[in-house]
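Trainee: One file: start-v4.cif (mmCIF, C-alpha atoms and all ligand atoms).
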data_coords
loop_
_atom_site.label_atom_id
_atom_site.label_comp_id
_atom_site.auth_asym_id
_atom_site.auth_seq_id
_atom_site.Cartn_x
_atom_site.Cartn_y
_atom_site.Cartn_z
CA MET C 1 -2.55 230.04 -71.23
CA ALA C 2 -4.56 227.06 -72.47
CA VAL C 3 -6.87 227.84 -75.36
CA SER C 4 -10.39 226.61 -74.75
CA ARG C 5 -12.72 225.61 -77.55
CA GLY C 6 -16.44 224.97 -77.60
CA ILE C 7 -19.11 226.45 -75.42
CA HIS C 8 -18.29 227.66 -71.93
CA PHE C 9 -20.81 225.96 -69.65
CA PHE C 10 -21.73 228.63 -67.17
CA GLN C 11 -23.41 226.66 -64.44
CA ASN C 12 -23.28 229.13 -61.57
CA PRO C 13 -26.49 229.99 -59.75
CA GLY C 14 -26.31 233.54 -61.07
CA PRO C 15 -25.35 235.37 -63.06
CA THR C 16 -26.84 233.02 -65.63
CA ASN C 17 -26.57 232.41 -69.37
CA ILE C 18 -27.81 235.34 -71.44
CA PRO C 19 -29.83 234.11 -74.43
CA GLU C 20 -28.75 235.24 -77.91
CA ARG C 21 -32.16 236.88 -78.36
CA ILE C 22 -31.50 239.15 -75.40
CA LEU C 23 -27.94 239.94 -76.47
CA ARG C 24 -29.21 240.82 -79.97
CA ALA C 25 -32.02 242.95 -78.54
CA MET C 26 -29.43 244.98 -76.63
CA ASP C 27 -27.30 245.42 -79.76
CA ARG C 28 -29.02 248.63 -80.84
CA GLY C 29 -28.35 252.35 -80.77
CA THR C 30 -29.18 254.63 -77.87
CA ILE C 31 -32.43 256.55 -77.75
CA ASP C 32 -33.45 259.50 -75.61
CA PHE C 33 -34.46 258.15 -72.23
CA THR C 34 -36.83 261.09 -71.75
CA GLY C 35 -38.63 260.49 -75.06
CA ALA C 36 -41.86 258.75 -76.00
CA GLN C 37 -40.13 255.71 -77.53
CA PHE C 38 -38.31 254.90 -74.29
CA LYS C 39 -41.42 255.63 -72.24
CA ALA C 40 -43.33 252.96 -74.17
CA ILE C 41 -40.52 250.41 -73.63
CA ALA C 42 -40.31 251.19 -69.91
CA GLU C 43 -44.09 250.91 -69.52
CA GLU C 44 -44.10 247.53 -71.25
CA CYS C 45 -41.26 246.39 -68.96
CA PHE C 46 -42.83 247.47 -65.69
CA ALA C 47 -46.20 245.96 -66.70
CA GLY C 48 -44.43 242.68 -67.59
CA LEU C 49 -42.48 242.69 -64.31
CA LYS C 50 -45.74 243.03 -62.38
CA ARG C 51 -46.98 239.84 -64.01
CA VAL C 52 -43.74 238.06 -63.08
CA PHE C 53 -43.86 239.31 -59.46
CA LYS C 54 -47.62 238.51 -59.47
CA THR C 55 -48.45 241.93 -58.09
CA GLU C 56 -50.68 244.89 -58.88
CA GLN C 57 -48.41 247.13 -56.77
CA PRO C 58 -45.56 249.36 -57.96
CA ILE C 59 -42.22 247.89 -59.00
CA LEU C 60 -39.32 250.30 -58.57
CA GLY C 61 -35.99 249.90 -60.36
CA TYR C 62 -32.36 250.88 -59.81
CA ALA C 63 -29.06 250.62 -61.66
CA ALA C 64 -27.50 248.20 -59.17
CA SER C 65 -27.02 244.56 -58.36
CA GLY C 66 -29.23 242.89 -55.76
CA HIS C 67 -27.20 244.50 -52.96
CA GLY C 68 -28.60 247.87 -54.06
CA ALA C 69 -32.20 246.68 -53.85
CA TRP C 70 -31.46 245.19 -50.40
CA GLU C 71 -30.21 248.59 -49.29
CA ALA C 72 -33.12 250.42 -50.93
CA ALA C 73 -35.54 248.37 -48.85
CA LEU C 74 -33.68 249.20 -45.62
CA VAL C 75 -33.17 252.93 -46.05
CA ASN C 76 -36.74 253.49 -47.21
CA LEU C 77 -38.45 251.59 -44.41
CA PHE C 78 -36.53 252.14 -41.21
CA SER C 79 -35.21 254.68 -38.72
CA PRO C 80 -32.10 254.26 -36.56
CA GLY C 81 -32.94 252.07 -33.54
CA ASP C 82 -35.71 250.12 -35.32
CA ARG C 83 -35.50 246.37 -34.90
CA VAL C 84 -35.82 243.75 -37.64
CA LEU C 85 -36.01 239.99 -37.38
CA VAL C 86 -33.83 238.15 -39.88
CA VAL C 87 -34.89 234.56 -40.48
CA GLU C 88 -31.57 232.74 -40.80
CA THR C 89 -31.45 230.66 -43.95
CA GLY C 90 -27.78 230.90 -44.96
CA TYR C 91 -25.08 233.27 -46.15
CA PHE C 92 -27.37 235.71 -47.96
CA SER C 93 -29.87 236.08 -45.10
CA LEU C 94 -27.06 236.95 -42.68
CA ASN C 95 -25.53 239.39 -45.15
CA TRP C 96 -28.78 241.28 -45.54
CA GLY C 97 -28.80 241.50 -41.75
CA LEU C 98 -25.22 242.86 -41.69
CA ARG C 99 -26.34 245.70 -43.94
CA CYS C 100 -29.03 246.59 -41.39
CA GLU C 101 -26.41 246.98 -38.68
CA ALA C 102 -24.53 249.50 -40.82
CA PHE C 103 -27.64 251.72 -40.69
CA GLU C 104 -28.04 251.31 -36.92
CA ILE C 105 -31.05 249.10 -37.41
CA GLU C 106 -31.08 246.50 -34.62
CA VAL C 107 -30.91 242.99 -35.97
CA GLU C 108 -32.33 239.97 -34.23
CA THR C 109 -31.70 236.61 -35.88
CA LEU C 110 -34.16 233.75 -35.75
CA THR C 111 -31.60 230.98 -35.89
CA ASN C 112 -32.18 228.02 -38.17
CA ASP C 113 -30.23 225.04 -39.48
CA TRP C 114 -28.99 226.06 -42.95
CA ARG C 115 -29.83 222.61 -44.31
CA ARG C 116 -33.53 222.84 -43.44
CA CYS C 117 -36.55 225.00 -44.23
CA ALA C 118 -37.20 227.96 -41.94
CA ASP C 119 -39.64 227.03 -39.20
CA PRO C 120 -42.97 228.95 -39.29
CA VAL C 121 -43.81 227.78 -35.73
CA ALA C 122 -40.62 229.36 -34.37
CA LEU C 123 -41.41 232.58 -36.26
CA GLU C 124 -44.95 232.70 -34.90
CA SER C 125 -43.83 232.09 -31.34
CA ARG C 126 -41.10 234.78 -31.49
CA LEU C 127 -43.58 237.30 -32.88
CA ARG C 128 -46.16 236.43 -30.21
CA GLU C 129 -43.55 237.20 -27.53
CA ASP C 130 -43.00 240.63 -29.06
CA ARG C 131 -46.06 242.16 -27.42
CA GLU C 132 -44.82 245.74 -27.80
CA HIS C 133 -44.29 245.21 -31.53
CA ARG C 134 -40.65 246.31 -31.38
CA ILE C 135 -39.97 244.18 -34.46
CA LYS C 136 -40.71 246.36 -37.47
CA ALA C 137 -40.06 243.79 -40.15
CA VAL C 138 -39.35 240.14 -40.87
CA LEU C 139 -36.63 239.56 -43.51
CA VAL C 140 -36.54 236.26 -45.39
CA VAL C 141 -34.64 234.95 -48.40
CA HIS C 142 -37.08 232.92 -50.51
CA ASN C 143 -34.44 230.80 -52.21
CA GLU C 144 -31.16 230.73 -50.28
CA THR C 145 -28.66 230.55 -53.11
CA SER C 146 -25.85 229.56 -50.73
CA THR C 147 -27.61 226.39 -49.53
CA GLY C 148 -30.05 225.40 -52.26
CA VAL C 149 -32.94 225.51 -49.79
CA VAL C 150 -36.21 227.15 -50.79
CA HIS C 151 -38.32 228.54 -47.94
CA ASP C 152 -42.09 228.49 -47.80
CA ILE C 153 -43.10 232.14 -48.02
CA ALA C 154 -46.86 231.49 -47.84
CA ARG C 155 -46.44 229.52 -44.57
CA LEU C 156 -44.15 232.16 -43.07
CA ARG C 157 -46.78 234.80 -43.96
CA ARG C 158 -49.44 232.74 -42.20
CA ALA C 159 -47.18 232.58 -39.13
CA ILE C 160 -46.97 236.38 -39.01
CA ASP C 161 -50.76 236.61 -39.36
CA ALA C 162 -51.35 233.92 -36.72
CA ALA C 163 -49.24 235.95 -34.26
CA ARG C 164 -51.36 239.02 -35.19
CA HIS C 165 -48.14 240.94 -35.63
CA PRO C 166 -47.99 244.10 -37.76
CA ALA C 167 -44.38 243.60 -38.95
CA LEU C 168 -43.60 244.29 -42.58
CA PHE C 169 -42.69 241.18 -44.58
CA LEU C 170 -39.57 241.64 -46.74
CA VAL C 171 -38.62 238.82 -49.10
CA ASP C 172 -35.48 238.42 -51.21
CA VAL C 173 -36.53 236.72 -54.46
CA ILE C 174 -33.18 237.25 -56.18
CA SER C 175 -32.67 233.59 -57.12
CA SER C 176 -36.31 232.50 -57.28
CA LEU C 177 -38.07 235.12 -59.41
CA ALA C 178 -39.02 233.74 -62.85
CA SER C 179 -37.58 230.31 -61.88
CA MET C 180 -39.86 229.18 -59.09
CA ASP C 181 -43.38 230.17 -58.11
CA PHE C 182 -43.55 233.47 -56.26
CA ARG C 183 -46.77 235.42 -55.59
CA MET C 184 -46.13 238.82 -54.07
CA ASP C 185 -49.75 239.87 -53.50
CA GLU C 186 -51.31 236.50 -52.67
CA TRP C 187 -48.55 235.76 -50.15
CA GLY C 188 -48.83 239.18 -48.50
CA VAL C 189 -45.28 240.28 -49.22
CA ASP C 190 -44.61 243.97 -48.51
CA VAL C 191 -41.28 244.26 -50.28
CA ALA C 192 -39.91 241.79 -52.83
CA VAL C 193 -36.24 242.31 -53.74
CA ALA C 194 -35.00 241.10 -57.13
CA GLY C 195 -32.07 241.39 -59.53
CA SER C 196 -31.66 241.09 -63.29
CA GLN C 197 -29.00 238.39 -63.61
CA LYS C 198 -30.77 235.18 -62.62
CA GLY C 199 -34.25 234.10 -63.76
CA LEU C 200 -34.61 237.25 -65.85
CA MET C 201 -31.58 236.12 -67.91
CA LEU C 202 -30.05 239.61 -68.18
CA PRO C 203 -26.59 240.93 -67.36
CA THR C 204 -26.01 241.98 -63.76
CA GLY C 205 -26.83 245.61 -63.08
CA MET C 206 -30.57 246.15 -62.75
CA ALA C 207 -32.36 245.61 -59.46
CA PHE C 208 -36.02 245.90 -58.51
CA THR C 209 -38.28 246.11 -55.52
CA GLY C 210 -41.99 245.35 -55.55
CA VAL C 211 -43.48 247.60 -52.89
CA SER C 212 -46.86 247.29 -51.12
CA ALA C 213 -49.06 250.21 -50.01
CA LYS C 214 -48.16 249.33 -46.39
CA ALA C 215 -44.46 249.58 -47.24
CA LEU C 216 -44.96 252.92 -48.99
CA ALA C 217 -46.78 254.22 -45.90
CA ALA C 218 -43.85 253.07 -43.72
CA ALA C 219 -41.44 254.77 -46.11
CA ALA C 220 -43.21 258.09 -45.53
CA GLU C 221 -42.44 257.82 -41.77
CA ALA C 222 -38.90 256.37 -41.98
CA LYS C 223 -36.02 258.62 -40.94
CA LEU C 224 -32.95 257.07 -42.55
CA PRO C 225 -31.42 259.38 -45.17
CA ARG C 226 -31.83 258.31 -48.78
CA VAL C 227 -31.55 259.99 -52.14
CA TYR C 228 -30.82 257.64 -55.02
CA TRP C 229 -32.87 254.84 -53.48
CA ASP C 230 -35.75 257.09 -52.43
CA TRP C 231 -39.04 255.41 -53.29
CA ARG C 232 -40.94 258.70 -53.02
CA ARG C 233 -38.95 260.17 -55.91
CA LEU C 234 -39.65 257.09 -58.03
CA VAL C 235 -43.34 256.69 -57.17
CA GLU C 236 -44.22 260.34 -57.43
CA GLY C 237 -42.12 260.83 -60.52
CA THR C 238 -40.58 264.00 -59.12
CA SER C 239 -37.36 263.29 -61.01
CA GLN C 240 -37.60 261.18 -64.15
CA ALA C 241 -40.70 259.14 -63.46
CA VAL C 242 -39.41 255.56 -63.63
CA TRP C 243 -35.73 256.03 -62.85
CA ASN C 244 -33.45 258.17 -60.73
CA GLY C 245 -30.81 259.54 -63.11
CA THR C 246 -30.05 258.41 -66.64
CA ALA C 247 -32.13 255.32 -67.41
CA PRO C 248 -30.03 252.37 -68.65
CA VAL C 249 -31.74 252.16 -72.02
CA HIS C 250 -29.87 249.06 -73.16
CA PHE C 251 -30.89 247.16 -70.08
CA PHE C 252 -34.48 248.03 -70.88
CA TYR C 253 -34.05 246.68 -74.43
CA GLY C 254 -32.84 243.45 -72.86
CA LEU C 255 -35.54 243.37 -70.22
CA GLN C 256 -38.24 243.92 -72.83
CA GLU C 257 -36.96 240.91 -74.78
CA ALA C 258 -36.57 238.79 -71.62
CA LEU C 259 -40.14 239.49 -70.57
CA ARG C 260 -41.39 238.63 -74.06
CA MET C 261 -39.49 235.33 -73.88
CA ILE C 262 -40.95 234.63 -70.44
CA GLU C 263 -44.48 235.30 -71.69
CA GLU C 264 -43.99 233.14 -74.78
CA GLU C 265 -42.90 230.16 -72.66
CA GLY C 266 -45.34 230.93 -69.83
CA LEU C 267 -44.46 231.11 -66.14
CA ASP C 268 -45.96 227.72 -65.31
CA GLN C 269 -43.96 226.05 -68.09
CA ILE C 270 -40.82 227.86 -66.91
CA PHE C 271 -41.34 226.57 -63.37
CA ALA C 272 -41.96 223.04 -64.70
CA ARG C 273 -38.75 223.16 -66.79
CA HIS C 274 -36.75 224.34 -63.78
CA HIS C 275 -38.26 221.56 -61.69
CA ARG C 276 -37.38 218.96 -64.31
CA LEU C 277 -33.75 220.07 -64.64
CA ALA C 278 -33.38 220.37 -60.86
CA GLU C 279 -34.85 216.91 -60.30
CA ALA C 280 -32.45 215.46 -62.88
CA THR C 281 -29.60 217.03 -60.90
CA ARG C 282 -30.92 215.61 -57.64
CA ARG C 283 -31.16 212.13 -59.19
CA ALA C 284 -27.50 212.38 -60.18
CA VAL C 285 -26.47 213.52 -56.69
CA ARG C 286 -28.35 210.60 -55.15
CA VAL C 287 -26.24 208.17 -57.17
CA TRP C 288 -22.98 210.02 -56.40
CA ARG C 289 -23.90 209.73 -52.70
CA GLN C 290 -23.22 205.98 -52.85
CA ASN C 291 -19.81 204.85 -51.48
CA ASP C 292 -19.98 207.74 -48.96
CA GLY C 293 -19.86 210.25 -51.78
CA PRO C 294 -21.14 213.85 -51.93
CA GLU C 295 -24.68 214.55 -50.75
CA MET C 296 -27.48 217.06 -51.14
CA PHE C 297 -26.88 219.96 -48.76
CA ALA C 298 -30.65 220.55 -48.52
CA VAL C 299 -31.94 217.66 -46.45
CA ASP C 300 -35.64 218.55 -46.43
CA PRO C 301 -37.09 217.22 -49.74
CA ARG C 302 -39.79 219.93 -49.93
CA GLY C 303 -37.05 222.54 -49.46
CA GLN C 304 -34.83 221.41 -52.33
CA SER C 305 -34.50 224.34 -54.68
CA ASP C 306 -35.37 224.18 -58.37
CA SER C 307 -32.84 226.89 -59.26
CA VAL C 308 -29.67 225.69 -57.51
CA THR C 309 -28.41 222.45 -55.98
CA ALA C 310 -25.73 222.74 -53.31
CA VAL C 311 -23.72 219.54 -52.95
CA LEU C 312 -21.74 218.78 -49.80
CA ALA C 313 -18.40 217.11 -50.43
CA PRO C 314 -17.54 214.16 -48.16
CA GLU C 315 -15.65 215.09 -45.00
CA GLY C 316 -11.98 215.83 -45.69
CA TRP C 317 -12.39 216.48 -49.43
CA ASP C 318 -11.97 219.89 -51.05
CA ALA C 319 -14.95 220.92 -53.18
CA ASN C 320 -12.90 223.77 -54.69
CA ALA C 321 -10.27 221.40 -56.06
CA MET C 322 -13.06 219.48 -57.82
CA ARG C 323 -14.51 222.77 -59.16
CA ALA C 324 -11.10 223.75 -60.49
CA ILE C 325 -10.93 220.48 -62.46
CA CYS C 326 -14.39 221.16 -63.92
CA LEU C 327 -13.29 224.58 -65.09
CA ASP C 328 -9.75 223.83 -66.23
CA LYS C 329 -10.39 220.51 -67.92
CA PHE C 330 -13.98 220.78 -69.12
CA ASN C 331 -14.74 224.51 -69.33
CA VAL C 332 -17.62 224.12 -66.87
CA SER C 333 -18.03 226.79 -64.21
CA LEU C 334 -19.76 225.79 -60.95
CA GLY C 335 -20.59 227.90 -57.90
CA GLY C 336 -18.47 227.52 -54.78
CA GLY C 337 -19.38 227.37 -51.11
CA LEU C 338 -19.98 230.69 -49.36
CA GLY C 339 -18.98 231.72 -45.82
CA PRO C 340 -18.58 228.63 -43.63
CA LEU C 341 -19.38 226.40 -46.63
CA GLN C 342 -16.27 227.59 -48.50
CA GLY C 343 -14.45 224.50 -49.82
CA ARG C 344 -17.11 222.16 -48.44
CA VAL C 345 -19.84 222.71 -50.98
CA PHE C 346 -20.10 223.06 -54.73
CA ARG C 347 -23.24 224.52 -56.28
CA ILE C 348 -24.80 223.58 -59.60
CA GLY C 349 -26.95 226.39 -60.94
CA HIS C 350 -29.88 225.26 -63.07
CA LEU C 351 -31.81 228.44 -63.65
CA GLY C 352 -32.53 230.78 -66.49
CA ASP C 353 -31.86 229.90 -70.11
CA LEU C 354 -31.13 226.18 -69.77
CA ASN C 355 -32.23 222.90 -71.35
CA GLU C 356 -31.67 219.15 -70.91
CA PRO C 357 -28.40 218.74 -72.87
CA MET C 358 -26.91 221.71 -71.02
CA ILE C 359 -27.61 220.26 -67.58
CA LEU C 360 -26.49 216.80 -68.69
CA GLY C 361 -23.23 218.26 -70.00
CA ALA C 362 -22.61 219.94 -66.68
CA LEU C 363 -23.47 216.81 -64.70
CA ALA C 364 -21.13 214.75 -66.89
CA ALA C 365 -18.31 217.18 -66.18
CA VAL C 366 -18.99 216.96 -62.43
CA GLU C 367 -18.99 213.16 -62.56
CA MET C 368 -15.68 213.14 -64.43
CA ALA C 369 -14.19 215.69 -62.02
CA LEU C 370 -15.27 213.57 -59.02
CA GLU C 371 -13.39 210.68 -60.58
CA LEU C 372 -10.31 212.77 -61.41
CA SER C 373 -10.14 214.38 -57.98
CA GLY C 374 -10.41 211.01 -56.24
CA ILE C 375 -13.55 211.95 -54.28
CA PRO C 376 -15.43 208.75 -53.45
CA HIS C 377 -18.79 208.54 -55.22
CA GLY C 378 -21.24 206.22 -56.91
CA LYS C 379 -20.96 205.94 -60.69
CA GLY C 380 -23.89 206.45 -63.05
CA GLY C 381 -25.30 209.76 -61.83
CA VAL C 382 -25.60 211.14 -65.36
CA ALA C 383 -27.37 207.97 -66.52
CA ALA C 384 -29.87 208.36 -63.65
CA ALA C 385 -30.46 211.98 -64.68
CA MET C 386 -31.03 210.86 -68.29
CA ASP C 387 -33.48 208.13 -67.22
CA TYR C 388 -35.42 210.67 -65.22
CA LEU C 389 -35.51 213.19 -68.07
CA VAL C 390 -36.76 210.52 -70.45
CA SER C 391 -39.55 209.61 -68.03
CA ALA C 392 -40.44 213.26 -67.39
CA THR C 393 -40.59 214.36 -71.04
N1 LIG T 1 -29.58 237.49 -52.28
C1 LIG T 1 -29.47 236.30 -52.90
C2 LIG T 1 -30.45 235.22 -52.56
C3 LIG T 1 -28.47 236.10 -53.85
O1 LIG T 1 -28.36 234.92 -54.47
C4 LIG T 1 -27.57 237.16 -54.15
C5 LIG T 1 -26.50 236.96 -55.12
O2 LIG T 1 -26.24 235.90 -55.62
C6 LIG T 1 -27.73 238.37 -53.49
C7 LIG T 1 -28.75 238.51 -52.56
C8 LIG T 1 -26.83 239.51 -53.76
O3 LIG T 1 -27.17 240.02 -55.00
P1 LIG T 1 -26.08 240.71 -55.97
O4 LIG T 1 -24.93 239.80 -56.04
O5 LIG T 1 -26.83 240.84 -57.26
O6 LIG T 1 -25.76 242.01 -55.36
#
As structure tokens, what does this structure read like?

Mentor:
Amino acid sequence: MAVSRGIHFFQNPGPTNIPERILRAMDRGTIDFTGAQFKAIAEECFAGLKRVFKTEQPILGYAASGHGAWEAALVNLFSPGDRVLVVETGYFSLNWGLRCEAFEIEVETLTNDWRRCADPVALESRLREDREHRIKAVLVVHNETSTGVVHDIARLRRAIDAARHPALFLVDVISSLASMDFRMDEWGVDVAVAGSQKGLMLPTGMAFTGVSAKALAAAAEAKLPRVYWDWRRLVEGTSQAVWNGTAPVHFFYGLQEALRMIEEEGLDQIFARHHRLAEATRRAVRVWRQNDGPEMFAVDPRGQSDSVTAVLAPEGWDANAMRAICLDKFNVSLGGGLGPLQGRVFRIGHLGDLNEPMILGALAAVEMALELSGIPHGKGGVAAAMDYLVSAT
């Protein structure tokens, strides 16, 4: 096996790079998760998470990846035979929907072109047609990690309100939280689903849901069986107050440090940094697009994500072969295409603990791999990214 030297550039759109500060914070001995010391850490963490979710409502946590928090939302809110409306945004939206089917929740999909922002007018008109209010909830992925399209949650909320529909509003913020602006309370979100391994810069394994009073009321009526995920146990503290089972103390050490780092930098500055690095990436892609080269998958400029850029390879070219060159030759790991985009798309993650030289290094590796794989492209993408970063600094 080839020996690789130097830093591994982990440029996937999650999990993300874990800062040394967080790794060091986790490098400590165990403490009693029922004791006062842990209680203080957990309280600091949940208070900090509320500021990141921009909510005054409870945040509930689980030892799980995002899939667990998806499932927690479903089993707490619904009964068999309930109907939900999934706004199609890409691979992750459809997968959340597939989980509903497993619980005999009827899924209706509001179809949408994966390359464009979800249409609030279509949502409003579908909800207006639903006069009997059969639709119990609208499910949306804020930032569709498979496509690099960010969807306008505030406008989708206004569409639900304009239709005067009582559906719950469930939003997956797994790849937007702490990277792009999200406002749970202001945008009227009933359940926000998040994970630890993206903007929060932690290892995979902690998941969270922000839960509104309306969602907690629905949970009291829902009939699906639930034990580990049960919000009532977490909110009422009938088991161990903040956690079902043994609390993952080391994750909390890491989360405490991550939240301190987030507060030191400030959310607005974090969003601005993500925007800058994303825009640099987009400038590079625009140059590569010349000579019929690869293009931005997200065609709607206002929908181009600041945490991940999905790039569509030209027809007939294999994006995975190019990714393999990046990894094997330059030690740079990129995300691949998911579902129908397998082999057609490569994804550059630019979220979490990342700065200008890191994104430029990754873009340089992509540009070299385009050349080595023979994919037609314009030259000078990295230079365009540098010019932009100079002008934006
Ligand atoms: N939703 C989105 C938007 C995601 O990006 C992911 C994972 O990348 C998931 C859900 C699934 O989360 P996990 O892989 O943490 O279970």

Trainee: Residues within 9 Å of ligand LIG 1 (chain T) should be enumerated using all atoms listed in the file and returned as a PyMOL selection string.

Mentor: chain C and resi 13-15+64-70+91-93+95-96+141-146+172-176+193-198+204-207

Trainee: Within 10 Å of Arg164 in chain C, counting only C-alpha atoms, which residues qualify if same-chain residues fewer than 4 places away don't, as a VMD selection string?

Mentor: chain C and resid 124 127 to 128 131 158 to 160

Trainee: CA of Arg276 in chain C to CA of Val189 in chain C: how many Å, to one decimal?

Mentor: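 Those two atoms sit 27.3 Å apart.
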
Trainee: Using only C-alpha atoms, which residues sit within 8 Å of Glu104 in chain C once same-chain residues fewer than 4 positions away are excluded, as a compact mmCIF listing (two decimals) with C-alpha atoms, in the frame of the given file?

Mentor:
# COMPACT_ATOMS: atom_id res chain seq x y z
CA PRO C 80 -32.10 254.26 -36.56
CA GLY C 81 -32.94 252.07 -33.54
CA ASP C 82 -35.71 250.12 -35.32
CA CYS C 100 -29.03 246.59 -41.39

Trainee: Can you tell me how far CA of Leu85 in chain C sits from CA of Ile59 in chain C, in Å to one decimal?

Mentor: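 Interatomic distance here is 23.8 Å.
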
Trainee: Would you compute the distance between CA of Ile262 in chain C and CA of Val52 in chain C? Give it in Å to one decimal.

Mentor: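 Pair CA of Ile262 in chain C / CA of Val52 in chain C returns 8.6 Å.
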
Trainee: Counting only C-alpha atoms, which of C:Ile41, C:Ala278, C:Ile105, C:Leu267 gets nearest to Phe78 in chain C?

Mentor: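 Nearest candidate to Phe78 in chain C out of C:Ile41, C:Ala278, C:Ile105, C:Leu267: C:Ile105.
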
Trainee: As a PDB file with C-alpha atoms, keeping the file's coordinate frame, please: the residues near Cys117 in chain C (cut-off 12 Å, all atoms listed in the file, same-chain neighbours under 2 positions excluded).

Mentor:
ATOM      1  CA  VAL C  87     -34.890 234.560 -40.480  1.00  0.00           C
ATOM      2  CA  GLU C  88     -31.570 232.740 -40.800  1.00  0.00           C
ATOM      3  CA  THR C  89     -31.450 230.660 -43.950  1.00  0.00           C
ATOM      4  CA  GLY C  90     -27.780 230.900 -44.960  1.00  0.00           C
ATOM      5  CA  THR C 111     -31.600 230.980 -35.890  1.00  0.00           C
ATOM      6  CA  ASN C 112     -32.180 228.020 -38.170  1.00  0.00           C
ATOM      7  CA  ASP C 113     -30.230 225.040 -39.480  1.00  0.00           C
ATOM      8  CA  TRP C 114     -28.990 226.060 -42.950  1.00  0.00           C
ATOM      9  CA  ARG C 115     -29.830 222.610 -44.310  1.00  0.00           C
ATOM     10  CA  ASP C 119     -39.640 227.030 -39.200  1.00  0.00           C
ATOM     11  CA  PRO C 120     -42.970 228.950 -39.290  1.00  0.00           C
ATOM     12  CA  VAL C 121     -43.810 227.780 -35.730  1.00  0.00           C
ATOM     13  CA  ALA C 122     -40.620 229.360 -34.370  1.00  0.00           C
ATOM     14  CA  VAL C 140     -36.540 236.260 -45.390  1.00  0.00           C
ATOM     15  CA  VAL C 141     -34.640 234.950 -48.400  1.00  0.00           C
ATOM     16  CA  HIS C 142     -37.080 232.920 -50.510  1.00  0.00           C
ATOM     17  CA  ASN C 143     -34.440 230.800 -52.210  1.00  0.00           C
ATOM     18  CA  GLU C 144     -31.160 230.730 -50.280  1.00  0.00           C
ATOM     19  CA  THR C 147     -27.610 226.390 -49.530  1.00  0.00           C
ATOM     20  CA  GLY C 148     -30.050 225.400 -52.260  1.00  0.00           C
ATOM     21  CA  VAL C 149     -32.940 225.510 -49.790  1.00  0.00           C
ATOM     22  CA  VAL C 150     -36.210 227.150 -50.790  1.00  0.00           C
ATOM     23  CA  HIS C 151     -38.320 228.540 -47.940  1.00  0.00           C
ATOM     24  CA  ASP C 152     -42.090 228.490 -47.800  1.00  0.00           C
ATOM     25  CA  ILE C 153     -43.100 232.140 -48.020  1.00  0.00           C
ATOM     26  CA  ARG C 155     -46.440 229.520 -44.570  1.00  0.00           C
ATOM     27  CA  LEU C 156     -44.150 232.160 -43.070  1.00  0.00           C
ATOM     28  CA  PHE C 297     -26.880 219.960 -48.760  1.00  0.00           C
ATOM     29  CA  ALA C 298     -30.650 220.550 -48.520  1.00  0.00           C
ATOM     30  CA  VAL C 299     -31.940 217.660 -46.450  1.00  0.00           C
ATOM     31  CA  ASP C 300     -35.640 218.550 -46.430  1.00  0.00           C
ATOM     32  CA  PRO C 301     -37.090 217.220 -49.740  1.00  0.00           C
ATOM     33  CA  ARG C 302     -39.790 219.930 -49.930  1.00  0.00           C
ATOM     34  CA  GLY C 303     -37.050 222.540 -49.460  1.00  0.00           C
ATOM     35  CA  GLN C 304     -34.830 221.410 -52.330  1.00  0.00           C
ATOM     36  CA  SER C 305     -34.500 224.340 -54.680  1.00  0.00           C
TER      37      SER C 305
END

Trainee: Which residues, written as a ChimeraX atom specification, have at least one atom at most 7 Å from Val107 in chain C, with only C-alpha atoms counted and residues fewer than 5 positions away on the same chain left out?

Mentor: /C:83-86,97,100-101

Trainee: Go ahead and dump the residues you just picked, C-alpha atoms, as an mmCIF file, in the frame of the given file.

Mentor:
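Everything below was put into out-v9.cif:
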data_model
loop_
_atom_site.group_PDB
_atom_site.id
_atom_site.type_symbol
_atom_site.label_atom_id
_atom_site.label_comp_id
_atom_site.auth_asym_id
_atom_site.auth_seq_id
_atom_site.Cartn_x
_atom_site.Cartn_y
_atom_site.Cartn_z
ATOM 1 C CA ARG C 83 -35.500 246.370 -34.900
ATOM 2 C CA VAL C 84 -35.820 243.750 -37.640
ATOM 3 C CA LEU C 85 -36.010 239.990 -37.380
ATOM 4 C CA VAL C 86 -33.830 238.150 -39.880
ATOM 5 C CA GLY C 97 -28.800 241.500 -41.750
ATOM 6 C CA CYS C 100 -29.030 246.590 -41.390
ATOM 7 C CA GLU C 101 -26.410 246.980 -38.680
#

Trainee: Which one of C:Lys379, C:Arg344, C:His165, C:Arg51 sits closest to Val138 in chain C if you count only C-alpha atoms?

Mentor: C:His165

Trainee: Using only C-alpha atoms for the distances, tell me which of C:Ala385, C:Leu170, C:Ile375, C:Met26 is nearest to Arg286 in chain C.

Mentor: C:Ala385

Trainee: Padding 4 Å on each side, edges along x, y and z: where is the centre of the box around the listed atoms of range 329-339 of chain C, and how long are its edges in Å to one decimal? Output it as AutoDock Vina command-line options.

Mentor:
--center_x -15.5 --center_y 226.1 --center_z -57.6 --size_x 18.2 --size_y 19.2 --size_z 31.5

Trainee: Compile the contact shell of range 21-23 of chain C as a list in words: residues with an atom at most 9 Å away, counting all atoms listed in the file, same-chain residues fewer than 4 positions apart removed.

Mentor: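 The contact residues come out as Asp27, Met201, Leu202, Tyr253, Gly254, Leu255, Gln256, Glu257, Ala258 and Met261 of chain C.
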
Trainee: Hey, which of C:Asp292, C:Glu356, C:Glu371, C:Glu129 ends up closest to Pro314 in chain C? Count only C-alpha atoms.

Mentor: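 Looking only at the distances to Pro314 in chain C, the closest residue turns out to be C:Asp292.
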